[in-house]
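**Q** CSV, C-alpha atoms, file run_37.csv:
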chain,number,residue,atom,x,y,z
A,99,MET,CA,77.6,-44.0,-43.0
A,100,PRO,CA,79.3,-47.2,-42.0
A,101,GLU,CA,77.8,-49.4,-39.3
A,102,PRO,CA,78.8,-48.5,-35.7
A,103,LEU,CA,82.0,-50.1,-34.5
A,104,ALA,CA,81.6,-52.8,-31.9
A,105,LEU,CA,84.9,-52.5,-30.0
A,106,ARG,CA,86.4,-55.5,-28.3
A,107,CYS,CA,89.9,-55.0,-26.8
A,108,PRO,CA,91.7,-57.2,-27.2
A,109,PRO,CA,92.0,-58.0,-30.1
A,110,ASP,CA,90.9,-54.5,-31.2
A,111,ASP,CA,93.1,-51.6,-30.3
A,112,ILE,CA,93.1,-47.8,-31.0
A,113,ASN,CA,94.0,-48.5,-34.6
A,114,THR,CA,90.7,-50.2,-35.0
A,115,VAL,CA,89.1,-46.9,-34.1
A,116,HIS,CA,91.2,-45.0,-36.6
A,117,ASP,CA,90.2,-47.5,-39.4
A,118,TYR,CA,86.6,-47.0,-38.5
A,119,VAL,CA,86.9,-43.2,-38.6
A,120,GLN,CA,88.6,-43.4,-42.0
A,121,ARG,CA,85.6,-45.4,-43.3
A,122,VAL,CA,83.3,-42.6,-42.1
A,123,TRP,CA,85.5,-40.0,-43.8
A,124,ASP,CA,85.4,-42.0,-47.0
A,125,SER,CA,81.6,-41.8,-46.9
A,126,ALA,CA,81.6,-38.0,-46.4
A,127,PRO,CA,84.0,-36.7,-49.0
A,128,ASP,CA,82.9,-33.0,-48.7
A,129,LEU,CA,84.2,-32.7,-45.1
A,130,ASP,CA,86.8,-29.9,-44.5
A,131,SER,CA,90.2,-31.4,-43.9
A,132,MET,CA,90.8,-29.5,-40.7
A,133,ASP,CA,87.4,-30.5,-39.3
A,134,LYS,CA,88.5,-34.1,-39.9
A,135,LEU,CA,91.9,-33.7,-38.3
A,136,LYS,CA,90.4,-32.1,-35.2
A,137,PHE,CA,87.5,-34.5,-34.8
A,138,GLU,CA,89.6,-37.6,-35.4
A,139,THR,CA,92.1,-36.4,-32.8
A,140,ALA,CA,89.3,-35.9,-30.3
A,141,ILE,CA,87.5,-39.2,-30.9
A,142,VAL,CA,90.8,-41.1,-30.7
A,143,GLU,CA,91.6,-39.4,-27.4
A,144,LEU,CA,88.2,-40.4,-26.1
A,145,ALA,CA,88.5,-44.0,-27.3
A,146,ALA,CA,92.0,-44.3,-26.0
A,147,ASN,CA,90.8,-43.1,-22.6
A,148,VAL,CA,88.1,-45.8,-22.6
A,149,ILE,CA,90.6,-48.5,-23.7
A,150,GLN,CA,93.0,-47.5,-21.0
A,151,HIS,CA,90.6,-47.1,-18.1
A,152,ALA,CA,87.5,-49.2,-18.8
A,153,ASP,CA,89.1,-52.6,-18.6
A,154,ASP,CA,87.2,-54.4,-15.8
A,155,GLY,CA,89.5,-57.4,-16.0
A,156,ASP,CA,87.8,-59.0,-19.0
A,157,GLY,CA,89.0,-56.6,-21.7
A,158,VAL,CA,87.1,-53.5,-23.0
A,159,ARG,CA,83.7,-53.9,-24.6
A,160,GLY,CA,81.9,-50.9,-26.1
A,161,THR,CA,80.9,-49.1,-29.3
A,162,VAL,CA,82.1,-46.2,-31.3
A,163,VAL,CA,79.8,-44.2,-33.5
A,164,VAL,CA,80.7,-41.2,-35.7
A,165,THR,CA,78.0,-39.5,-37.8
A,166,VAL,CA,78.1,-36.4,-40.1
A,167,ASP,CA,75.2,-34.2,-40.8
A,168,GLY,CA,74.9,-30.8,-42.4
A,169,ASP,CA,76.4,-28.6,-39.7
A,170,ARG,CA,78.2,-30.9,-37.3
A,171,ILE,CA,80.2,-34.1,-36.7
A,172,ARG,CA,79.0,-36.2,-33.8
A,173,GLY,CA,80.8,-39.0,-32.0
A,174,SER,CA,80.0,-41.3,-29.1
A,175,VAL,CA,81.9,-44.0,-27.3
A,176,THR,CA,80.3,-46.4,-24.8
A,177,ASP,CA,81.8,-48.9,-22.5
A,178,THR,CA,80.4,-51.5,-20.1
A,179,ALA,CA,82.8,-50.7,-17.2
A,180,CYS,CA,81.6,-49.3,-13.9
A,181,ALA,CA,80.7,-45.6,-13.8
A,182,SER,CA,83.6,-43.3,-14.8
A,183,THR,CA,84.9,-40.8,-12.3
A,184,VAL,CA,86.8,-38.7,-14.8
A,185,ALA,CA,86.2,-35.0,-14.1
A,186,LEU,CA,85.1,-33.0,-17.2
A,187,GLU,CA,85.4,-29.4,-15.9
A,188,PRO,CA,87.6,-27.3,-18.1
A,189,ARG,CA,91.2,-28.6,-18.0
A,190,GLU,CA,94.4,-26.6,-18.0
A,191,MET,CA,97.0,-27.9,-20.5
A,192,PRO,CA,99.5,-30.0,-18.4
A,193,ASP,CA,103.0,-28.7,-17.9
A,194,GLN,CA,105.4,-29.1,-20.8
A,195,SER,CA,107.3,-31.8,-19.0
A,196,ALA,CA,104.2,-34.0,-18.4
A,197,GLU,CA,104.2,-37.3,-20.2
A,198,SER,CA,100.4,-37.9,-19.8
A,199,GLY,CA,97.2,-36.2,-18.8
A,200,ARG,CA,96.6,-34.2,-22.0
A,201,GLY,CA,93.8,-36.2,-23.5
A,202,ILE,CA,90.7,-34.5,-22.0
A,203,ALA,CA,92.4,-31.1,-22.4
A,204,PHE,CA,92.9,-31.8,-26.1
A,205,ILE,CA,89.3,-32.9,-26.5
A,206,GLN,CA,88.0,-29.7,-24.8
A,207,ARG,CA,90.0,-27.6,-27.3
A,208,LEU,CA,89.2,-29.6,-30.4
A,209,VAL,CA,85.4,-30.0,-30.3
A,210,ASP,CA,82.4,-27.9,-29.2
A,211,VAL,CA,80.6,-30.3,-27.0
A,212,LEU,CA,82.0,-33.0,-24.6
A,213,HIS,CA,79.3,-34.8,-22.5
A,214,TYR,CA,79.3,-37.8,-20.3
A,215,GLU,CA,76.4,-39.7,-18.7
A,216,ARG,CA,75.7,-43.1,-17.2
A,217,ARG,CA,73.0,-44.7,-19.3
A,218,ASP,CA,71.5,-48.2,-19.1
A,219,GLY,CA,74.4,-49.5,-17.1
A,220,GLU,CA,77.0,-48.2,-19.5
A,221,ASN,CA,79.3,-45.2,-19.7
A,222,LEU,CA,78.3,-42.9,-22.6
A,223,TRP,CA,80.7,-40.3,-23.9
A,224,MET,CA,79.6,-37.8,-26.6
A,225,ILE,CA,81.4,-35.2,-28.6
A,226,GLU,CA,80.2,-32.8,-31.2
A,227,LYS,CA,82.1,-30.5,-33.6
A,228,ILE,CA,80.5,-27.7,-35.5
A,229,ARG,CA,81.7,-27.9,-39.1
A,230,GLN,CA,83.7,-25.0,-40.4
A,231,SER,CA,82.3,-25.4,-43.8
A,232,PRO,CA,78.7,-26.7,-43.5
A,233,GLY,CA,77.7,-29.3,-46.1
A,234,SER,CA,74.5,-29.8,-47.9
B,191,MET,CA,103.3,-48.3,-37.0
B,192,LYS,CA,106.8,-49.2,-38.2
B,193,PHE,CA,110.1,-47.8,-37.0
B,194,ALA,CA,113.5,-47.8,-38.6
B,195,THR,CA,116.8,-46.6,-37.0
B,196,ARG,CA,119.8,-45.5,-38.9
B,197,ASN,CA,123.0,-43.6,-38.1
B,198,LEU,CA,123.2,-40.3,-39.9
B,199,ASP,CA,126.9,-39.8,-39.2
B,200,ASP,CA,129.2,-40.8,-36.4
B,201,ARG,CA,127.1,-38.8,-33.9
B,202,VAL,CA,123.4,-38.6,-34.9
B,203,THR,CA,120.8,-41.3,-34.8
B,204,VAL,CA,117.7,-41.0,-37.0
B,205,ILE,CA,114.5,-42.9,-36.0
B,206,THR,CA,112.0,-42.9,-38.7
B,207,GLY,CA,108.3,-43.7,-38.0
B,208,GLU,CA,105.7,-44.7,-40.4
B,209,GLY,CA,102.0,-44.8,-39.5
B,210,ARG,CA,100.3,-43.6,-36.3
B,211,LEU,CA,102.2,-42.7,-33.1
B,212,ASN,CA,99.7,-43.5,-30.5
B,213,MET,CA,99.1,-45.7,-27.4
B,214,ALA,CA,99.8,-48.8,-29.5
B,215,SER,CA,103.2,-47.7,-30.7
B,216,ALA,CA,104.5,-45.2,-28.2
B,217,ALA,CA,106.3,-47.8,-26.1
B,218,GLU,CA,108.4,-49.0,-29.0
B,219,LEU,CA,109.6,-45.4,-29.7
B,220,ARG,CA,110.6,-45.1,-26.0
B,221,GLU,CA,112.6,-48.3,-26.2
B,222,LEU,CA,114.4,-47.3,-29.4
B,223,VAL,CA,115.4,-43.9,-27.9
B,224,ALA,CA,116.5,-45.5,-24.7
B,225,GLY,CA,118.6,-48.0,-26.7
B,226,ALA,CA,120.3,-45.3,-28.6
B,227,ALA,CA,121.1,-43.4,-25.4
B,228,VAL,CA,122.5,-46.5,-23.8
B,229,ALA,CA,124.6,-47.1,-26.9
B,230,GLY,CA,126.2,-43.7,-26.5
B,231,ARG,CA,124.3,-42.1,-29.4
B,232,PRO,CA,121.9,-39.7,-27.6
B,233,ARG,CA,121.8,-37.1,-30.4
B,234,ILE,CA,118.5,-38.2,-31.9
B,235,VAL,CA,116.2,-37.0,-34.7
B,236,VAL,CA,112.7,-38.5,-35.0
B,237,ASP,CA,111.7,-38.3,-38.6
B,238,LEU,CA,108.0,-37.7,-38.6
B,239,SER,CA,107.5,-37.3,-42.4
B,240,ALA,CA,105.5,-40.5,-42.6
B,241,VAL,CA,103.7,-40.2,-39.3
B,242,ASP,CA,100.2,-39.2,-40.3
B,243,PHE,CA,98.8,-39.1,-36.8
B,244,MET,CA,100.0,-38.6,-33.3
B,245,ASP,CA,97.8,-38.6,-30.1
B,246,SER,CA,98.6,-37.5,-26.5
B,247,SER,CA,100.1,-40.9,-25.8
B,248,GLY,CA,102.5,-40.5,-28.7
B,249,LEU,CA,103.2,-36.9,-27.6
B,250,GLY,CA,103.9,-38.1,-24.1
B,251,ALA,CA,106.4,-40.6,-25.5
B,252,LEU,CA,108.2,-37.9,-27.4
B,253,VAL,CA,108.5,-35.9,-24.1
B,254,GLY,CA,109.8,-38.9,-22.3
B,255,CYS,CA,112.3,-39.5,-25.1
B,256,LEU,CA,113.5,-35.9,-25.0
B,257,LYS,CA,114.2,-36.3,-21.3
B,258,THR,CA,116.0,-39.6,-21.9
B,259,ALA,CA,118.2,-38.1,-24.6
B,260,ARG,CA,119.0,-35.0,-22.6
B,261,GLN,CA,119.8,-37.0,-19.5
B,262,ALA,CA,122.4,-38.9,-21.6
B,263,GLY,CA,123.9,-35.7,-22.7
B,264,GLY,CA,122.2,-35.5,-26.1
B,265,ASP,CA,119.0,-34.0,-27.5
B,266,LEU,CA,115.9,-35.0,-29.4
B,267,ARG,CA,114.7,-33.1,-32.4
B,268,ILE,CA,112.0,-33.7,-34.9
B,269,ALA,CA,111.8,-33.5,-38.6
B,270,ALA,CA,109.0,-32.9,-41.1
B,271,PRO,CA,105.9,-33.1,-38.9
B,272,SER,CA,102.6,-33.5,-40.7
B,273,GLU,CA,99.7,-31.1,-40.4
B,274,GLN,CA,98.0,-33.2,-37.7
B,275,VAL,CA,101.2,-33.6,-35.7
B,276,THR,CA,101.9,-29.9,-35.9
B,277,MET,CA,98.4,-29.2,-34.7
B,278,VAL,CA,98.9,-31.4,-31.7
B,279,LEU,CA,102.3,-29.8,-30.9
B,280,GLN,CA,100.7,-26.4,-31.0
B,281,LEU,CA,97.7,-27.4,-29.0
B,282,SER,CA,100.0,-28.7,-26.1
B,283,ASN,CA,102.4,-25.7,-26.4
B,284,LEU,CA,105.1,-28.2,-27.0
B,285,ASP,CA,106.0,-26.6,-30.3
B,286,ARG,CA,108.2,-24.4,-28.1
B,287,ILE,CA,110.1,-27.4,-26.8
B,288,PHE,CA,110.5,-29.5,-29.8
B,289,THR,CA,112.6,-27.9,-32.4
B,290,SER,CA,111.3,-28.9,-35.8
B,291,TYR,CA,113.5,-29.2,-38.9
B,292,ALA,CA,112.6,-29.8,-42.6
B,293,SER,CA,114.7,-33.0,-42.7
B,294,PRO,CA,116.8,-35.2,-40.4
B,295,GLU,CA,119.9,-33.9,-42.2
B,296,ASP,CA,119.1,-30.3,-41.1
B,297,ALA,CA,118.5,-31.2,-37.4
B,298,TYR,CA,122.0,-31.0,-36.2
B,299,ARG,CA,123.6,-29.0,-38.9
B,300,ALA,CA,125.8,-26.4,-37.3
Show me, as structure tokens, the structure contained in the file I just sent.
**A**
Amino acid sequence: MPEPLALRCPPDDINTVHDYVQRVWDSAPDLDSMDKLKFETAIVELAANVIQHADDGDGVRGTVVVTVDGDRIRGSVTDTACASTVALEPREMPDQSAESGRGIAFIQRLVDVLHYERRDGENLWMIEKIRQSPGS
Amino acid sequence: MKFATRNLDDRVTVITGEGRLNMASAAELRELVAGAAVAGRPRIVVDLSAVDFMDSSGLGALVGCLKTARQAGGDLRIAAPSEQVTMVLQLSNLDRIFTSYASPEDAYRA
């Protein structure tokens, strides 16, 4: 697995997260393609949420980690902003005319676990997806 | 993400994207569609054949662009979405709103 991504926005942006996830996929060639599509979509939504909302005036600082084991893909995103107030109860999909607000609803439909906690003065977001085709 | 705009004929504008349609690139798509609408060419096709990823910000931009095109008397249709883009459209139920065609040439064919 590649080293965790230390995110610094700017100059990093959401494409930095994509490039990191691609390095993880390159190191796990037996992953199912739909597992990758769903998980990448979820972790990018999570990271985009952090990039958008965790800027305390001095940019966004955090980490992104994705790991793959035999039966699941795990991801975490941390940031150093003040405690998040984003509600994680099950979300309805927004109306078709909405131009925002789908990120958390997407994550809830794409992965099996979405968890948030405040740990050591940081926000810690975790997702997990059970693999459709478990690896060895 | 790169965008290119071309006129398909005297009525239809094709905007071709290449890369990831996400929070970093969504604003540029909105500007291009707004520009086409202001120029009197609101019948738009977004060619997604080379867009390998779209997130909710990109999807939100497409919704906004659809409104812009319709308010100007036109429409916005999409061509050749990838597997990931199709998944996102289905997840959001917006596959019912965005008519998808195999190619830009097919989008406004009578």
**Q** Could you make a table, as JSON lines, of the residues of segment 235-291 of chain B that have an atom within 10 Å of an atom of segment 120-136 of chain A, each with its nearest atom pair and distance in Å to one decimal, counting all atoms listed in the file, in chain and number order?
**A**
{"residue": "B:Phe243", "atom": "CA", "partner": "A:Leu135", "partner_atom": "CA", "distance": 8.9}
{"residue": "B:Glu273", "atom": "CA", "partner": "A:Leu135", "partner_atom": "CA", "distance": 8.5}
{"residue": "B:Gln274", "atom": "CA", "partner": "A:Leu135", "partner_atom": "CA", "distance": 6.1}
{"residue": "B:Val275", "atom": "CA", "partner": "A:Leu135", "partner_atom": "CA", "distance": 9.7}
{"residue": "B:Met277", "atom": "CA", "partner": "A:Lys136", "partner_atom": "CA", "distance": 8.5}
{"residue": "B:Val278", "atom": "CA", "partner": "A:Lys136", "partner_atom": "CA", "distance": 9.2}
**Q** Considering only C-alpha atoms, extract the chain B residues located within 10 Å of chain A and return them as a CSV table (one decimal) with C-alpha atoms, keeping the file's coordinate frame.
**A**
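File produced: result-v1.csv:
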chain,number,residue,atom,x,y,z
B,191,MET,CA,103.3,-48.3,-37.0
B,210,ARG,CA,100.3,-43.6,-36.3
B,212,ASN,CA,99.7,-43.5,-30.5
B,213,MET,CA,99.1,-45.7,-27.4
B,214,ALA,CA,99.8,-48.8,-29.5
B,243,PHE,CA,98.8,-39.1,-36.8
B,244,MET,CA,100.0,-38.6,-33.3
B,245,ASP,CA,97.8,-38.6,-30.1
B,246,SER,CA,98.6,-37.5,-26.5
B,247,SER,CA,100.1,-40.9,-25.8
B,248,GLY,CA,102.5,-40.5,-28.7
B,249,LEU,CA,103.2,-36.9,-27.6
B,250,GLY,CA,103.9,-38.1,-24.1
B,251,ALA,CA,106.4,-40.6,-25.5
B,252,LEU,CA,108.2,-37.9,-27.4
B,253,VAL,CA,108.5,-35.9,-24.1
B,254,GLY,CA,109.8,-38.9,-22.3
B,255,CYS,CA,112.3,-39.5,-25.1
B,256,LEU,CA,113.5,-35.9,-25.0
B,257,LYS,CA,114.2,-36.3,-21.3
B,273,GLU,CA,99.7,-31.1,-40.4
B,274,GLN,CA,98.0,-33.2,-37.7
B,275,VAL,CA,101.2,-33.6,-35.7
B,277,MET,CA,98.4,-29.2,-34.7
B,278,VAL,CA,98.9,-31.4,-31.7
B,281,LEU,CA,97.7,-27.4,-29.0
B,282,SER,CA,100.0,-28.7,-26.1
B,283,ASN,CA,102.4,-25.7,-26.4
B,284,LEU,CA,105.1,-28.2,-27.0
B,285,ASP,CA,106.0,-26.6,-30.3
B,286,ARG,CA,108.2,-24.4,-28.1
B,287,ILE,CA,110.1,-27.4,-26.8
**Q** Between atom CA of Ala262 of chain B and atom CA of Ala229 of chain B, what is the spacing in Å?
**A** 10.0 Å
**Q** Counting only C-alpha atoms, find residues at most 12 Å from (109.5, -52.7, -41.4) (file frame) and give them as a compact mmCIF listing (two decimals) with C-alpha atoms, in the frame of the given file.
**A**
# COMPACT_ATOMS: atom_id res chain seq x y z
CA MET B 191 103.30 -48.30 -37.00
CA LYS B 192 106.80 -49.20 -38.20
CA PHE B 193 110.10 -47.80 -37.00
CA ALA B 194 113.50 -47.80 -38.60
CA THR B 195 116.80 -46.60 -37.00
CA THR B 206 112.00 -42.90 -38.70
CA GLY B 207 108.30 -43.70 -38.00
CA GLU B 208 105.70 -44.70 -40.40
CA GLY B 209 102.00 -44.80 -39.50
**Q** Quick one, how far is atom CA of Val202 of chain B from atom CA of Gln280 of chain B?
**A**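 Interatomic distance here is 26.1 Å.
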**Q** In Å to one decimal, how far is atom CA of Thr114 of chain A from atom CA of Leu222 of chain B?
**A**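 Interatomic distance here is 24.5 Å.
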**Q** For Gly219 of chain A, work out the shell of residues within 12 Å, counting all atoms listed in the file and skipping chain neighbours fewer than 6 positions away, then give it as a ChimeraX atom specification.
**A** /A:160,176-182
**Q** If I only have part of segment 168-200 of chain A, can you fill in N, CA and C atoms and write it as a CSV table (one decimal), keeping the file's coordinate frame?
**A**
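The result, stored in selection15.csv:
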chain,number,residue,atom,x,y,z
A,168,GLY,N,74.6,-32.0,-41.7
A,168,GLY,CA,74.9,-30.8,-42.4
A,168,GLY,C,75.7,-29.8,-41.7
A,169,ASP,N,75.6,-29.7,-40.4
A,169,ASP,CA,76.4,-28.6,-39.7
A,169,ASP,C,77.3,-29.2,-38.6
A,170,ARG,N,77.3,-30.4,-38.3
A,170,ARG,CA,78.2,-30.9,-37.3
A,170,ARG,C,78.6,-32.4,-37.5
A,171,ILE,N,79.7,-32.7,-36.8
A,171,ILE,CA,80.2,-34.1,-36.7
A,171,ILE,C,79.9,-34.6,-35.3
A,172,ARG,N,79.3,-35.7,-35.1
A,172,ARG,CA,79.0,-36.2,-33.8
A,172,ARG,C,79.7,-37.5,-33.5
A,173,GLY,N,80.2,-37.8,-32.3
A,173,GLY,CA,80.8,-39.0,-32.0
A,173,GLY,C,80.3,-39.5,-30.6
A,174,SER,N,80.2,-40.8,-30.5
A,174,SER,CA,80.0,-41.3,-29.1
A,174,SER,C,80.8,-42.6,-28.9
A,175,VAL,N,81.2,-42.8,-27.7
A,175,VAL,CA,81.9,-44.0,-27.3
A,175,VAL,C,81.2,-44.5,-26.0
A,176,THR,N,80.9,-45.8,-26.0
A,176,THR,CA,80.3,-46.4,-24.8
A,176,THR,C,81.2,-47.5,-24.3
A,177,ASP,N,81.1,-47.8,-23.0
A,177,ASP,CA,81.8,-48.9,-22.5
A,177,ASP,C,81.0,-49.5,-21.4
A,178,THR,N,81.3,-50.8,-21.0
A,178,THR,CA,80.4,-51.5,-20.1
A,178,THR,C,81.1,-51.5,-18.7
A,179,ALA,N,82.1,-50.7,-18.5
A,179,ALA,CA,82.8,-50.7,-17.2
A,179,ALA,C,81.9,-50.0,-16.1
A,180,CYS,N,82.4,-50.0,-14.9
A,180,CYS,CA,81.6,-49.3,-13.9
A,180,CYS,C,81.7,-47.8,-14.1
A,181,ALA,N,80.9,-47.0,-13.4
A,181,ALA,CA,80.7,-45.6,-13.8
A,181,ALA,C,82.1,-44.9,-13.7
A,182,SER,N,82.3,-44.0,-14.7
A,182,SER,CA,83.6,-43.3,-14.8
A,182,SER,C,83.6,-42.2,-13.7
A,183,THR,N,84.8,-41.9,-13.2
A,183,THR,CA,84.9,-40.8,-12.3
A,183,THR,C,85.8,-39.6,-12.9
A,184,VAL,N,86.0,-39.7,-14.2
A,184,VAL,CA,86.8,-38.7,-14.8
A,184,VAL,C,86.1,-37.3,-14.8
A,185,ALA,N,86.8,-36.3,-14.3
A,185,ALA,CA,86.2,-35.0,-14.1
A,185,ALA,C,86.2,-34.3,-15.5
A,186,LEU,N,85.2,-33.6,-15.9
A,186,LEU,CA,85.1,-33.0,-17.2
A,186,LEU,C,85.1,-31.4,-17.1
A,187,GLU,N,85.4,-30.9,-15.9
A,187,GLU,CA,85.4,-29.4,-15.9
A,187,GLU,C,86.6,-29.0,-16.8
A,188,PRO,N,86.6,-27.7,-17.2
A,188,PRO,CA,87.6,-27.3,-18.1
A,188,PRO,C,89.0,-27.5,-17.6
A,189,ARG,N,89.9,-28.2,-18.4
A,189,ARG,CA,91.2,-28.6,-18.0
A,189,ARG,C,92.3,-27.6,-18.5
A,190,GLU,N,93.2,-27.3,-17.6
A,190,GLU,CA,94.4,-26.6,-18.0
A,190,GLU,C,95.3,-27.6,-18.8
A,191,MET,N,96.0,-27.1,-19.8
A,191,MET,CA,97.0,-27.9,-20.5
A,191,MET,C,98.1,-28.3,-19.5
A,192,PRO,N,98.4,-29.6,-19.3
A,192,PRO,CA,99.5,-30.0,-18.4
A,192,PRO,C,100.8,-29.3,-18.8
A,193,ASP,N,101.7,-29.3,-17.8
A,193,ASP,CA,103.0,-28.7,-17.9
A,193,ASP,C,103.8,-29.4,-19.1
A,194,GLN,N,104.7,-28.6,-19.7
A,194,GLN,CA,105.4,-29.1,-20.8
A,194,GLN,C,106.2,-30.4,-20.6
A,195,SER,N,106.5,-30.6,-19.3
A,195,SER,CA,107.3,-31.8,-19.0
A,195,SER,C,106.5,-33.1,-18.7
A,196,ALA,N,105.1,-32.9,-18.7
A,196,ALA,CA,104.2,-34.0,-18.4
A,196,ALA,C,104.2,-35.0,-19.6
A,197,GLU,N,104.2,-36.3,-19.2
A,197,GLU,CA,104.2,-37.3,-20.2
A,197,GLU,C,102.8,-37.9,-20.4
A,198,SER,N,101.8,-37.4,-19.6
A,198,SER,CA,100.4,-37.9,-19.8
A,198,SER,C,99.5,-36.9,-19.3
A,199,GLY,N,98.2,-37.1,-19.4
A,199,GLY,CA,97.2,-36.2,-18.8
A,199,GLY,C,96.7,-35.1,-19.8
A,200,ARG,N,97.0,-35.2,-21.1
A,200,ARG,CA,96.6,-34.2,-22.0
A,200,ARG,C,95.3,-34.5,-22.7
